[in-house]
>>> print(open('data_18.csv').read())   # CSV, N, CA and C atoms
chain,number,residue,atom,x,y,z
A,15,MET,N,-318.1,132.0,64.5
A,15,MET,CA,-318.5,131.1,63.4
A,15,MET,C,-318.2,131.8,62.1
A,16,PHE,N,-317.6,131.1,61.2
A,16,PHE,CA,-317.3,131.7,59.9
A,16,PHE,C,-317.7,130.8,58.8
A,17,ALA,N,-317.8,131.3,57.6
A,17,ALA,CA,-318.1,130.6,56.4
A,17,ALA,C,-316.8,129.7,56.0
A,18,SER,N,-317.0,128.7,55.3
A,18,SER,CA,-315.8,127.9,54.9
A,18,SER,C,-315.0,128.7,53.8
A,19,PRO,N,-313.8,128.3,53.6
A,19,PRO,CA,-313.0,129.1,52.6
A,19,PRO,C,-313.5,128.9,51.2
A,20,VAL,N,-313.4,130.0,50.4
A,20,VAL,CA,-313.8,130.0,49.0
A,20,VAL,C,-312.9,129.2,48.2
A,21,GLN,N,-313.3,128.7,47.0
A,21,GLN,CA,-312.5,127.9,46.2
A,21,GLN,C,-311.2,128.7,45.8
A,22,PRO,N,-310.1,127.9,45.6
A,22,PRO,CA,-308.8,128.6,45.1
A,22,PRO,C,-309.1,129.4,43.8
A,23,ARG,N,-308.3,130.4,43.7
A,23,ARG,CA,-308.4,131.3,42.5
A,23,ARG,C,-309.7,132.0,42.3
A,24,LEU,N,-310.5,132.1,43.4
A,24,LEU,CA,-311.8,132.8,43.3
A,24,LEU,C,-311.7,134.0,44.2
A,25,ASP,N,-311.7,135.2,43.7
A,25,ASP,CA,-311.6,136.4,44.5
A,25,ASP,C,-313.0,137.0,44.8
A,26,VAL,N,-313.2,137.4,46.0
A,26,VAL,CA,-314.4,138.0,46.4
A,26,VAL,C,-314.1,139.5,46.5
A,27,ILE,N,-314.7,140.3,45.7
A,27,ILE,CA,-314.5,141.7,45.6
A,27,ILE,C,-315.7,142.4,46.3
A,28,GLY,N,-315.5,143.3,47.1
A,28,GLY,CA,-316.6,144.1,47.7
A,28,GLY,C,-317.1,143.4,49.0
A,29,ASN,N,-318.4,143.1,49.1
A,29,ASN,CA,-318.9,142.5,50.3
A,29,ASN,C,-318.3,141.1,50.6
A,30,THR,N,-318.4,140.7,51.8
A,30,THR,CA,-317.9,139.4,52.2
A,30,THR,C,-318.7,138.3,51.6
A,31,HIS,N,-318.1,137.1,51.5
A,31,HIS,CA,-318.8,135.9,51.0
A,31,HIS,C,-319.7,135.4,52.2
A,32,LEU,N,-321.0,135.3,51.9
A,32,LEU,CA,-321.9,134.8,52.9
A,32,LEU,C,-322.3,133.3,52.6
A,33,GLN,N,-322.3,132.5,53.7
A,33,GLN,CA,-322.7,131.1,53.6
A,33,GLN,C,-323.6,130.7,54.7
A,34,LEU,N,-324.6,129.9,54.4
A,34,LEU,CA,-325.5,129.4,55.4
A,34,LEU,C,-324.8,128.3,56.2
A,35,VAL,N,-324.7,128.5,57.6
A,35,VAL,CA,-324.1,127.6,58.5
A,35,VAL,C,-325.1,127.3,59.6
A,36,ALA,N,-325.2,126.0,59.9
A,36,ALA,CA,-326.1,125.5,61.0
A,36,ALA,C,-325.3,124.9,62.1
A,37,TYR,N,-325.9,125.0,63.3
A,37,TYR,CA,-325.2,124.4,64.5
A,37,TYR,C,-326.3,123.9,65.5
A,38,LYS,N,-325.8,123.0,66.3
A,38,LYS,CA,-326.6,122.6,67.5
A,38,LYS,C,-325.7,122.2,68.6
A,39,ILE,N,-326.1,122.3,69.8
A,39,ILE,CA,-325.3,122.0,71.0
A,39,ILE,C,-325.8,120.7,71.6
A,40,ASN,N,-324.9,119.8,71.9
A,40,ASN,CA,-325.3,118.5,72.6
A,40,ASN,C,-324.7,118.6,74.0
A,41,LEU,N,-325.5,118.2,75.0
A,41,LEU,CA,-325.1,118.2,76.4
A,41,LEU,C,-325.0,116.8,76.8
A,42,PHE,N,-323.8,116.5,77.5
A,42,PHE,CA,-323.6,115.2,78.0
A,42,PHE,C,-323.4,115.2,79.5
A,43,TYR,N,-323.8,114.1,80.2
A,43,TYR,CA,-323.8,114.0,81.7
A,43,TYR,C,-322.9,112.9,82.1
A,44,SER,N,-322.2,113.1,83.3
A,44,SER,CA,-321.4,112.0,83.9
A,44,SER,C,-321.5,112.1,85.4
A,45,THR,N,-321.4,111.0,86.1
A,45,THR,CA,-321.3,111.0,87.5
A,45,THR,C,-319.8,111.0,88.0
A,46,ASP,N,-318.9,110.7,87.1
A,46,ASP,CA,-317.5,110.6,87.5
A,46,ASP,C,-316.5,111.5,86.6
A,47,ALA,N,-317.0,112.2,85.7
A,47,ALA,CA,-316.2,113.1,84.8
A,47,ALA,C,-315.3,112.2,83.9
A,48,VAL,N,-315.6,111.0,83.7
A,48,VAL,CA,-314.8,110.1,82.9
A,48,VAL,C,-315.7,109.4,81.8
A,49,ASN,N,-316.8,108.8,82.3
A,49,ASN,CA,-317.8,108.1,81.4
A,49,ASN,C,-319.0,109.1,81.1
A,50,TRP,N,-319.1,109.5,79.9
A,50,TRP,CA,-320.1,110.5,79.5
A,50,TRP,C,-321.2,109.8,78.7
A,51,SER,N,-322.5,110.3,79.0
A,51,SER,CA,-323.6,109.8,78.3
A,51,SER,C,-324.4,111.0,77.8
A,52,PHE,N,-325.1,110.9,76.6
A,52,PHE,CA,-325.9,111.9,76.0
A,52,PHE,C,-327.0,112.3,77.0
A,53,ASP,N,-327.2,113.6,77.1
A,53,ASP,CA,-328.3,114.0,78.0
A,53,ASP,C,-329.4,114.7,77.2
A,54,VAL,N,-329.1,115.8,76.5
A,54,VAL,CA,-330.1,116.6,75.8
A,54,VAL,C,-329.4,117.4,74.6
A,55,THR,N,-330.2,117.8,73.6
A,55,THR,CA,-329.6,118.6,72.5
A,55,THR,C,-330.5,119.8,72.3
A,56,SER,N,-329.9,120.8,71.7
A,56,SER,CA,-330.6,122.0,71.3
A,56,SER,C,-331.2,121.7,69.9
A,57,PRO,N,-332.1,122.6,69.4
A,57,PRO,CA,-332.5,122.5,68.1
A,57,PRO,C,-331.4,122.9,67.1
A,58,TRP,N,-331.4,122.4,65.9
A,58,TRP,CA,-330.5,122.9,64.8
A,58,TRP,C,-330.9,124.4,64.6
A,59,ARG,N,-330.0,125.3,64.5
A,59,ARG,CA,-330.2,126.7,64.1
A,59,ARG,C,-329.2,127.0,63.0
A,60,ALA,N,-329.7,127.8,62.1
A,60,ALA,CA,-328.8,128.2,60.9
A,60,ALA,C,-328.9,129.7,60.8
A,61,GLY,N,-327.8,130.3,60.2
A,61,GLY,CA,-327.7,131.7,60.0
A,61,GLY,C,-326.7,131.9,58.9
A,62,TRP,N,-326.8,133.1,58.3
A,62,TRP,CA,-325.8,133.5,57.2
A,62,TRP,C,-324.6,134.2,57.9
A,63,VAL,N,-323.4,133.6,57.6
A,63,VAL,CA,-322.2,134.1,58.2
A,63,VAL,C,-321.2,134.4,57.1
A,64,GLY,N,-320.3,135.4,57.4
A,64,GLY,CA,-319.3,135.8,56.4
A,64,GLY,C,-318.0,135.0,56.6
A,65,ASP,N,-317.1,135.1,55.7
A,65,ASP,CA,-315.9,134.4,55.8
A,65,ASP,C,-315.0,135.1,56.9
A,66,GLY,N,-313.9,134.4,57.3
A,66,GLY,CA,-313.0,134.9,58.4
A,66,GLY,C,-312.3,136.1,58.1
A,67,LEU,N,-312.2,136.5,56.8
A,67,LEU,CA,-311.4,137.7,56.5
A,67,LEU,C,-312.2,139.0,56.7
A,68,ASN,N,-313.6,138.9,56.5
A,68,ASN,CA,-314.4,140.1,56.5
A,68,ASN,C,-315.5,140.1,57.6
A,69,SER,N,-315.6,139.1,58.4
A,69,SER,CA,-316.7,139.0,59.3
A,69,SER,C,-316.2,138.5,60.7
A,70,THR,N,-316.6,139.2,61.7
A,70,THR,CA,-316.1,138.8,63.1
A,70,THR,C,-317.2,138.5,64.0
A,71,SER,N,-318.5,138.6,63.6
A,71,SER,CA,-319.6,138.3,64.5
A,71,SER,C,-320.6,137.3,63.9
A,72,ALA,N,-321.3,136.7,64.8
A,72,ALA,CA,-322.3,135.7,64.4
A,72,ALA,C,-323.6,136.4,64.1
A,73,PRO,N,-324.5,135.8,63.3
A,73,PRO,CA,-325.7,136.5,63.0
A,73,PRO,C,-326.5,136.7,64.3
A,74,SER,N,-327.4,137.7,64.3
A,74,SER,CA,-328.3,137.9,65.4
A,74,SER,C,-329.7,137.2,65.2
A,75,ASP,N,-330.0,136.9,64.0
A,75,ASP,CA,-331.2,136.1,63.7
A,75,ASP,C,-330.8,134.7,63.2
A,76,TRP,N,-331.5,133.7,63.8
A,76,TRP,CA,-331.2,132.3,63.5
A,76,TRP,C,-332.5,131.6,63.0
A,77,TRP,N,-332.4,130.7,62.0
A,77,TRP,CA,-333.5,129.9,61.6
A,77,TRP,C,-333.5,128.7,62.6
A,78,ASP,N,-334.6,128.6,63.3
A,78,ASP,CA,-334.8,127.4,64.2
A,78,ASP,C,-335.6,126.4,63.5
A,79,TYR,N,-334.9,125.2,63.3
A,79,TYR,CA,-335.5,124.1,62.5
A,79,TYR,C,-336.7,123.5,63.2
A,80,ASP,N,-336.7,123.4,64.6
A,80,ASP,CA,-337.8,122.9,65.4
A,80,ASP,C,-339.0,123.7,65.3
A,81,ARG,N,-338.9,125.0,65.4
A,81,ARG,CA,-340.0,126.0,65.4
A,81,ARG,C,-340.4,126.4,64.0
A,82,GLN,N,-339.4,126.2,63.0
A,82,GLN,CA,-339.7,126.6,61.6
A,82,GLN,C,-339.9,128.1,61.6
A,83,ALA,N,-339.0,128.9,62.3
A,83,ALA,CA,-339.1,130.3,62.3
A,83,ALA,C,-337.8,130.9,62.6
A,84,TRP,N,-337.7,132.2,62.2
A,84,TRP,CA,-336.5,133.0,62.6
A,84,TRP,C,-336.6,133.4,64.0
A,85,VAL,N,-335.5,133.3,64.8
A,85,VAL,CA,-335.5,133.6,66.2
A,85,VAL,C,-334.3,134.4,66.6
A,86,THR,N,-334.4,135.1,67.7
A,86,THR,CA,-333.2,135.9,68.2
A,86,THR,C,-332.9,135.5,69.6
A,87,ASP,N,-333.7,134.5,70.2
A,87,ASP,CA,-333.6,134.1,71.6
A,87,ASP,C,-332.5,133.0,71.7
A,88,SER,N,-332.1,132.8,72.9
A,88,SER,CA,-331.2,131.7,73.2
A,88,SER,C,-332.0,130.5,73.8
A,89,PHE,N,-331.3,129.4,74.1
A,89,PHE,CA,-332.0,128.3,74.7
A,89,PHE,C,-331.2,127.9,76.0
A,90,THR,N,-331.9,127.4,76.9
A,90,THR,CA,-331.3,127.0,78.2
A,90,THR,C,-331.7,125.5,78.5
A,91,TRP,N,-330.9,124.9,79.4
A,91,TRP,CA,-331.3,123.6,79.9
A,91,TRP,C,-331.3,123.6,81.4
A,92,ASN,N,-332.2,122.7,81.9
A,92,ASN,CA,-332.2,122.5,83.4
A,92,ASN,C,-331.2,121.4,83.7
A,93,MET,N,-330.3,121.6,84.5
A,93,MET,CA,-329.3,120.6,84.9
A,93,MET,C,-329.8,120.0,86.3
A,94,ASN,N,-330.7,119.0,86.2
A,94,ASN,CA,-331.4,118.5,87.4
A,94,ASN,C,-330.6,117.5,88.2
A,95,LEU,N,-329.6,116.9,87.6
A,95,LEU,CA,-328.8,115.8,88.2
A,95,LEU,C,-327.5,116.3,88.8
A,96,THR,N,-327.2,115.8,90.0
A,96,THR,CA,-325.9,116.2,90.5
A,96,THR,C,-324.8,115.4,89.8
A,97,GLY,N,-323.8,116.1,89.4
A,97,GLY,CA,-322.7,115.4,88.7
A,97,GLY,C,-322.0,116.4,87.8
A,98,TYR,N,-321.6,115.9,86.6
A,98,TYR,CA,-320.8,116.7,85.6
A,98,TYR,C,-321.5,116.9,84.3
A,99,TYR,N,-321.3,118.0,83.6
A,99,TYR,CA,-321.9,118.2,82.3
A,99,TYR,C,-320.8,118.7,81.4
A,100,ARG,N,-321.0,118.3,80.1
A,100,ARG,CA,-320.0,118.7,79.1
A,100,ARG,C,-320.8,119.0,77.8
A,101,ALA,N,-320.3,119.9,77.0
A,101,ALA,CA,-321.0,120.3,75.8
A,101,ALA,C,-320.2,120.0,74.6
A,102,ALA,N,-320.8,119.7,73.5
A,102,ALA,CA,-320.2,119.5,72.2
A,102,ALA,C,-321.1,120.3,71.2
A,103,ILE,N,-320.4,120.8,70.1
A,103,ILE,CA,-321.2,121.6,69.1
A,103,ILE,C,-321.0,120.9,67.8
A,104,GLU,N,-322.1,120.7,67.1
A,104,GLU,CA,-322.1,120.2,65.7
A,104,GLU,C,-322.3,121.4,64.8
A,105,PHE,N,-321.5,121.4,63.7
A,105,PHE,CA,-321.6,122.5,62.7
A,105,PHE,C,-321.9,121.8,61.3
A,106,TYR,N,-322.7,122.5,60.5
A,106,TYR,CA,-322.8,122.0,59.1
A,106,TYR,C,-322.8,123.3,58.2
A,107,TRP,N,-321.9,123.3,57.2
A,107,TRP,CA,-321.8,124.4,56.2
A,107,TRP,C,-322.5,123.9,55.0
A,108,PHE,N,-323.5,124.7,54.5
A,108,PHE,CA,-324.2,124.4,53.3
A,108,PHE,C,-323.4,124.8,52.1
A,109,ALA,N,-323.3,124.0,51.0
A,109,ALA,CA,-322.6,124.4,49.8
A,109,ALA,C,-323.3,125.6,49.1
A,110,ASP,N,-322.4,126.3,48.5
A,110,ASP,CA,-323.0,127.4,47.6
A,110,ASP,C,-322.1,127.5,46.4
A,111,ASP,N,-322.3,128.5,45.6
A,111,ASP,CA,-321.5,128.6,44.3
A,111,ASP,C,-320.0,128.9,44.5
A,112,MET,N,-319.6,129.3,45.8
A,112,MET,CA,-318.2,129.6,46.0
A,112,MET,C,-317.5,128.6,46.9
A,113,SER,N,-318.2,127.8,47.7
A,113,SER,CA,-317.6,126.9,48.6
A,113,SER,C,-318.4,125.6,48.8
A,114,ALA,N,-317.7,124.6,49.3
A,114,ALA,CA,-318.3,123.3,49.5
A,114,ALA,C,-319.0,123.2,50.8
A,115,SER,N,-319.8,122.1,50.9
A,115,SER,CA,-320.5,121.9,52.2
A,115,SER,C,-319.4,121.2,53.1
A,116,GLY,N,-319.7,121.2,54.4
A,116,GLY,CA,-318.8,120.6,55.4
A,116,GLY,C,-319.5,120.3,56.7
A,117,TYR,N,-318.9,119.6,57.5
A,117,TYR,CA,-319.4,119.2,58.8
A,117,TYR,C,-318.3,119.1,59.8
A,118,ASP,N,-318.6,119.4,61.1
A,118,ASP,CA,-317.6,119.3,62.2
A,118,ASP,C,-318.3,119.1,63.5
A,119,TYR,N,-317.7,118.3,64.4
A,119,TYR,CA,-318.2,118.1,65.7
A,119,TYR,C,-317.1,118.4,66.7
A,120,LEU,N,-317.3,119.4,67.5
A,120,LEU,CA,-316.2,119.8,68.4
A,120,LEU,C,-316.7,119.8,69.9
A,121,TRP,N,-315.8,119.3,70.7
A,121,TRP,CA,-316.1,119.3,72.2
A,121,TRP,C,-315.7,120.7,72.7
A,122,ALA,N,-316.5,121.3,73.6
A,122,ALA,CA,-316.1,122.5,74.2
A,122,ALA,C,-314.8,122.3,75.0
A,123,ASP,N,-313.8,123.1,74.9
A,123,ASP,CA,-312.6,122.9,75.6
A,123,ASP,C,-312.4,123.6,76.9
A,124,HIS,N,-313.4,124.5,77.2
A,124,HIS,CA,-313.4,125.1,78.6
A,124,HIS,C,-314.7,125.8,78.8
A,125,PHE,N,-315.0,126.1,80.0
A,125,PHE,CA,-316.1,126.9,80.4
A,125,PHE,C,-315.6,128.1,81.1
A,126,ASP,N,-316.3,129.2,80.9
A,126,ASP,CA,-315.9,130.5,81.6
A,126,ASP,C,-316.8,130.7,82.7
A,127,TYR,N,-316.2,130.9,83.9
A,127,TYR,CA,-317.0,131.1,85.1
A,127,TYR,C,-316.3,132.3,85.8
A,128,SER,N,-317.0,132.9,86.7
A,128,SER,CA,-316.4,134.0,87.5
A,128,SER,C,-315.4,133.5,88.5
A,129,ALA,N,-315.5,132.3,88.9
A,129,ALA,CA,-314.5,131.7,89.8
A,129,ALA,C,-313.3,131.3,89.0
A,130,PRO,N,-312.1,131.9,89.3
A,130,PRO,CA,-310.9,131.6,88.5
A,130,PRO,C,-310.5,130.1,88.5
A,131,SER,N,-310.8,129.4,89.5
A,131,SER,CA,-310.4,128.0,89.5
A,131,SER,C,-311.2,127.1,88.5
A,132,MET,N,-312.3,127.6,88.0
A,132,MET,CA,-313.2,126.8,87.1
A,132,MET,C,-312.9,127.2,85.6
A,133,ALA,N,-312.1,128.2,85.3
A,133,ALA,CA,-311.9,128.7,84.0
A,133,ALA,C,-311.3,127.7,83.0
A,134,ALA,N,-310.5,126.8,83.5
A,134,ALA,CA,-309.8,125.9,82.6
A,134,ALA,C,-310.4,124.5,82.5
A,135,GLN,N,-311.6,124.3,83.2
A,135,GLN,CA,-312.2,123.0,83.2
A,135,GLN,C,-312.9,122.7,81.8
A,136,ILE,N,-312.9,121.4,81.4
A,136,ILE,CA,-313.6,121.1,80.2
A,136,ILE,C,-315.0,120.6,80.4
A,137,TYR,N,-315.4,120.7,81.7
A,137,TYR,CA,-316.7,120.3,82.1
A,137,TYR,C,-317.1,121.2,83.3
A,138,CYS,N,-318.4,121.2,83.6
A,138,CYS,CA,-318.8,121.9,84.8
A,138,CYS,C,-319.5,120.9,85.8
A,139,ALA,N,-319.3,121.1,87.1
A,139,ALA,CA,-319.9,120.3,88.1
A,139,ALA,C,-321.1,121.0,88.7
A,140,VAL,N,-322.1,120.3,89.0
A,140,VAL,CA,-323.3,120.8,89.7
A,140,VAL,C,-323.7,120.0,90.9
>>> encode(input="data_18.csv", output="structure tokens")
Amino acid sequence: MFASPVQPRLDVIGNTHLQLVAYKINLFYSTDAVNWSFDVTSPWRAGWVGDGLNSTSAPSDWWDYDRQAWVTDSFTWNMNLTGYYRAAIEFYWFADDMSASGYDYLWADHFDYSAPSMAAQIYCAV
């Protein structure tokens, strides 16, 4: 996760440009891997991230909007139904004095599993 590009003709000298970026993960369920319905979502979490030129890692502390607290933990879901699950991630970039706000919604394009046959799937089966 990176900050959005800074405005043209604006040079950042020294430390990286930091921007507040929020994300949440939406989980979808299907019985046939064709027709998807919304199942559950994570809380919105936000953190300060650097631009792509000077930053390569995500923050370790996240502001959790549901708990109204800084957290370092992750979240998990119980997948109780037999079928297929797929994830999408929502991003929101907050405007600052060097870059504009923005929004994106991206489907996960693969899941990584230890079984080689599952590595290229865009969903997982349970």
>>> atom_distance(input="data_18.csv", atom1="CA of Trp121 in chain A", atom2="CA of Thr96 in chain A")
21.0 Å
>>> atom_distance(input="data_18.csv", atom1="atom N of Arg59 in chain A", atom2="CA of Asn40 in chain A")
11.6 Å
>>> closest_residue(input="data_18.csv", among="A:Thr45, A:Thr90, A:Thr55, A:Gln33", to="Met112 in chain A", atoms="only C-alpha atoms")
A:Gln33
>>> residues_around(input="data_18.csv", residues="Leu32 in chain A", least_positions_apart="2", cutoff="6 Å", atoms="only C-alpha atoms", output="PyMOL selection string")
chain A and resi 62-64
>>> write_last_selection(input="data_18.csv", atoms="N, CA and C atoms", output="PDB file, keeping the file's coordinate frame")
ATOM      1  N   TRP A  62    -326.800 133.100  58.300  1.00  0.00           N
ATOM      2  CA  TRP A  62    -325.800 133.500  57.200  1.00  0.00           C
ATOM      3  C   TRP A  62    -324.600 134.200  57.900  1.00  0.00           C
ATOM      4  N   VAL A  63    -323.400 133.600  57.600  1.00  0.00           N
ATOM      5  CA  VAL A  63    -322.200 134.100  58.200  1.00  0.00           C
ATOM      6  C   VAL A  63    -321.200 134.400  57.100  1.00  0.00           C
ATOM      7  N   GLY A  64    -320.300 135.400  57.400  1.00  0.00           N
ATOM      8  CA  GLY A  64    -319.300 135.800  56.400  1.00  0.00           C
ATOM      9  C   GLY A  64    -318.000 135.000  56.600  1.00  0.00           C
TER      10      GLY A  64
END
>>> atom_distance(input="data_18.csv", atom1="atom C of Ser44 in chain A", atom2="atom C of Asn94 in chain A")
10.9 Å
>>> residues_around(input="data_18.csv", residues="range 49-52 of chain A", least_positions_apart="6", cutoff="8 Å", atoms="only N, CA and C atoms", output="short mmCIF file (atom, residue, chain, number, x, y, z; two decimals) with N, CA and C atoms, in the coordinates of the input")
data_model
loop_
_atom_site.label_atom_id
_atom_site.label_comp_id
_atom_site.auth_asym_id
_atom_site.auth_seq_id
_atom_site.Cartn_x
_atom_site.Cartn_y
_atom_site.Cartn_z
N ASN A 40 -324.90 119.80 71.90
CA ASN A 40 -325.30 118.50 72.60
C ASN A 40 -324.70 118.60 74.00
N LEU A 41 -325.50 118.20 75.00
CA LEU A 41 -325.10 118.20 76.40
C LEU A 41 -325.00 116.80 76.80
N PHE A 42 -323.80 116.50 77.50
CA PHE A 42 -323.60 115.20 78.00
C PHE A 42 -323.40 115.20 79.50
N TYR A 43 -323.80 114.10 80.20
CA TYR A 43 -323.80 114.00 81.70
C TYR A 43 -322.90 112.90 82.10
N ARG A 100 -321.00 118.30 80.10
CA ARG A 100 -320.00 118.70 79.10
C ARG A 100 -320.80 119.00 77.80
#
>>> closest_residue(input="data_18.csv", among="A:Tyr99, A:Asp75, A:Phe89, A:Val35", to="Ala47 in chain A", atoms="only C-alpha atoms")
A:Tyr99
>>> residues_around(input="data_18.csv", residues="Asp80 in chain A", least_positions_apart="3", cutoff="7 Å", atoms="only N, CA and C atoms", output="list in words")
Pro57, Trp58, Arg59, Trp77 and Ala83 of chain A
>>> closest_residue(input="data_18.csv", among="A:Trp91, A:Tyr117, A:Tyr98, A:Phe105", to="Gly61 in chain A", atoms="only C-alpha atoms")
A:Phe105
>>> closest_residue(input="data_18.csv", among="A:Gln82, A:Asp123, A:Asp53, A:Tyr37", to="Phe108 in chain A", atoms="only C-alpha atoms")
A:Tyr37
>>> decode(input="data_18.csv", residues="range 97-116 of chain A", atoms="N, CA, C and O atoms", output="mmCIF file, in the first residue's frame")
data_model
loop_
_atom_site.group_PDB
_atom_site.id
_atom_site.type_symbol
_atom_site.label_atom_id
_atom_site.label_comp_id
_atom_site.auth_asym_id
_atom_site.auth_seq_id
_atom_site.Cartn_x
_atom_site.Cartn_y
_atom_site.Cartn_z
ATOM 1 N N GLY A 97 -18.758 -23.990 0.212
ATOM 2 C CA GLY A 97 -18.908 -23.277 -1.049
ATOM 3 C C GLY A 97 -17.626 -22.555 -1.390
ATOM 4 O O GLY A 97 -16.529 -23.048 -1.131
ATOM 5 N N TYR A 98 -17.750 -21.328 -1.942
ATOM 6 C CA TYR A 98 -16.609 -20.555 -2.418
ATOM 7 C C TYR A 98 -16.609 -19.167 -1.765
ATOM 8 O O TYR A 98 -17.669 -18.589 -1.534
ATOM 9 N N TYR A 99 -15.418 -18.648 -1.506
ATOM 10 C CA TYR A 99 -15.265 -17.318 -0.927
ATOM 11 C C TYR A 99 -14.317 -16.505 -1.791
ATOM 12 O O TYR A 99 -13.355 -17.034 -2.349
ATOM 13 N N ARG A 100 -14.609 -15.217 -1.891
ATOM 14 C CA ARG A 100 -13.766 -14.305 -2.661
ATOM 15 C C ARG A 100 -13.668 -12.985 -1.897
ATOM 16 O O ARG A 100 -14.627 -12.551 -1.268
ATOM 17 N N ALA A 101 -12.504 -12.334 -1.984
ATOM 18 C CA ALA A 101 -12.273 -11.095 -1.237
ATOM 19 C C ALA A 101 -12.092 -9.912 -2.177
ATOM 20 O O ALA A 101 -11.569 -10.054 -3.284
ATOM 21 N N ALA A 102 -12.543 -8.752 -1.714
ATOM 22 C CA ALA A 102 -12.304 -7.485 -2.405
ATOM 23 C C ALA A 102 -11.811 -6.488 -1.361
ATOM 24 O O ALA A 102 -12.189 -6.564 -0.187
ATOM 25 N N ILE A 103 -10.971 -5.553 -1.777
ATOM 26 C CA ILE A 103 -10.397 -4.579 -0.849
ATOM 27 C C ILE A 103 -10.796 -3.177 -1.296
ATOM 28 O O ILE A 103 -10.665 -2.824 -2.466
ATOM 29 N N GLU A 104 -11.311 -2.398 -0.352
ATOM 30 C CA GLU A 104 -11.621 -0.987 -0.595
ATOM 31 C C GLU A 104 -10.491 -0.151 -0.019
ATOM 32 O O GLU A 104 -10.038 -0.398 1.100
ATOM 33 N N PHE A 105 -10.054 0.855 -0.771
ATOM 34 C CA PHE A 105 -9.019 1.782 -0.317
ATOM 35 C C PHE A 105 -9.548 3.208 -0.378
ATOM 36 O O PHE A 105 -10.298 3.556 -1.286
ATOM 37 N N TYR A 106 -9.126 4.021 0.574
ATOM 38 C CA TYR A 106 -9.426 5.454 0.525
ATOM 39 C C TYR A 106 -8.165 6.211 0.929
ATOM 40 O O TYR A 106 -7.582 5.935 1.971
ATOM 41 N N TRP A 107 -7.732 7.146 0.068
ATOM 42 C CA TRP A 107 -6.589 7.998 0.357
ATOM 43 C C TRP A 107 -7.111 9.354 0.800
ATOM 44 O O TRP A 107 -7.886 9.989 0.087
ATOM 45 N N PHE A 108 -6.701 9.819 1.969
ATOM 46 C CA PHE A 108 -7.117 11.126 2.476
ATOM 47 C C PHE A 108 -6.255 12.217 1.840
ATOM 48 O O PHE A 108 -5.046 12.065 1.712
ATOM 49 N N ALA A 109 -6.878 13.311 1.452
ATOM 50 C CA ALA A 109 -6.144 14.426 0.853
ATOM 51 C C ALA A 109 -5.215 15.055 1.891
ATOM 52 O O ALA A 109 -5.485 15.049 3.088
ATOM 53 N N ASP A 110 -4.105 15.575 1.406
ATOM 54 C CA ASP A 110 -3.207 16.354 2.253
ATOM 55 C C ASP A 110 -2.677 17.518 1.433
ATOM 56 O O ASP A 110 -3.155 17.756 0.320
ATOM 57 N N ASP A 111 -1.693 18.231 1.943
ATOM 58 C CA ASP A 111 -1.211 19.415 1.225
ATOM 59 C C ASP A 111 -0.383 19.082 -0.013
ATOM 60 O O ASP A 111 -0.030 19.966 -0.791
ATOM 61 N N MET A 112 -0.063 17.792 -0.250
ATOM 62 C CA MET A 112 0.727 17.411 -1.410
ATOM 63 C C MET A 112 -0.002 16.514 -2.393
ATOM 64 O O MET A 112 0.480 16.302 -3.499
ATOM 65 N N SER A 113 -1.129 15.934 -2.009
ATOM 66 C CA SER A 113 -1.824 15.031 -2.930
ATOM 67 C C SER A 113 -3.321 15.017 -2.646
ATOM 68 O O SER A 113 -3.770 15.372 -1.559
ATOM 69 N N ALA A 114 -4.061 14.580 -3.636
ATOM 70 C CA ALA A 114 -5.518 14.580 -3.556
ATOM 71 C C ALA A 114 -6.037 13.316 -2.869
ATOM 72 O O ALA A 114 -5.305 12.341 -2.701
ATOM 73 N N SER A 115 -7.310 13.350 -2.512
ATOM 74 C CA SER A 115 -7.946 12.154 -1.975
ATOM 75 C C SER A 115 -8.253 11.206 -3.135
ATOM 76 O O SER A 115 -8.234 11.593 -4.309
ATOM 77 N N GLY A 116 -8.545 9.957 -2.814
ATOM 78 C CA GLY A 116 -8.866 8.989 -3.851
ATOM 79 C C GLY A 116 -9.544 7.769 -3.264
ATOM 80 O O GLY A 116 -9.589 7.583 -2.043
#
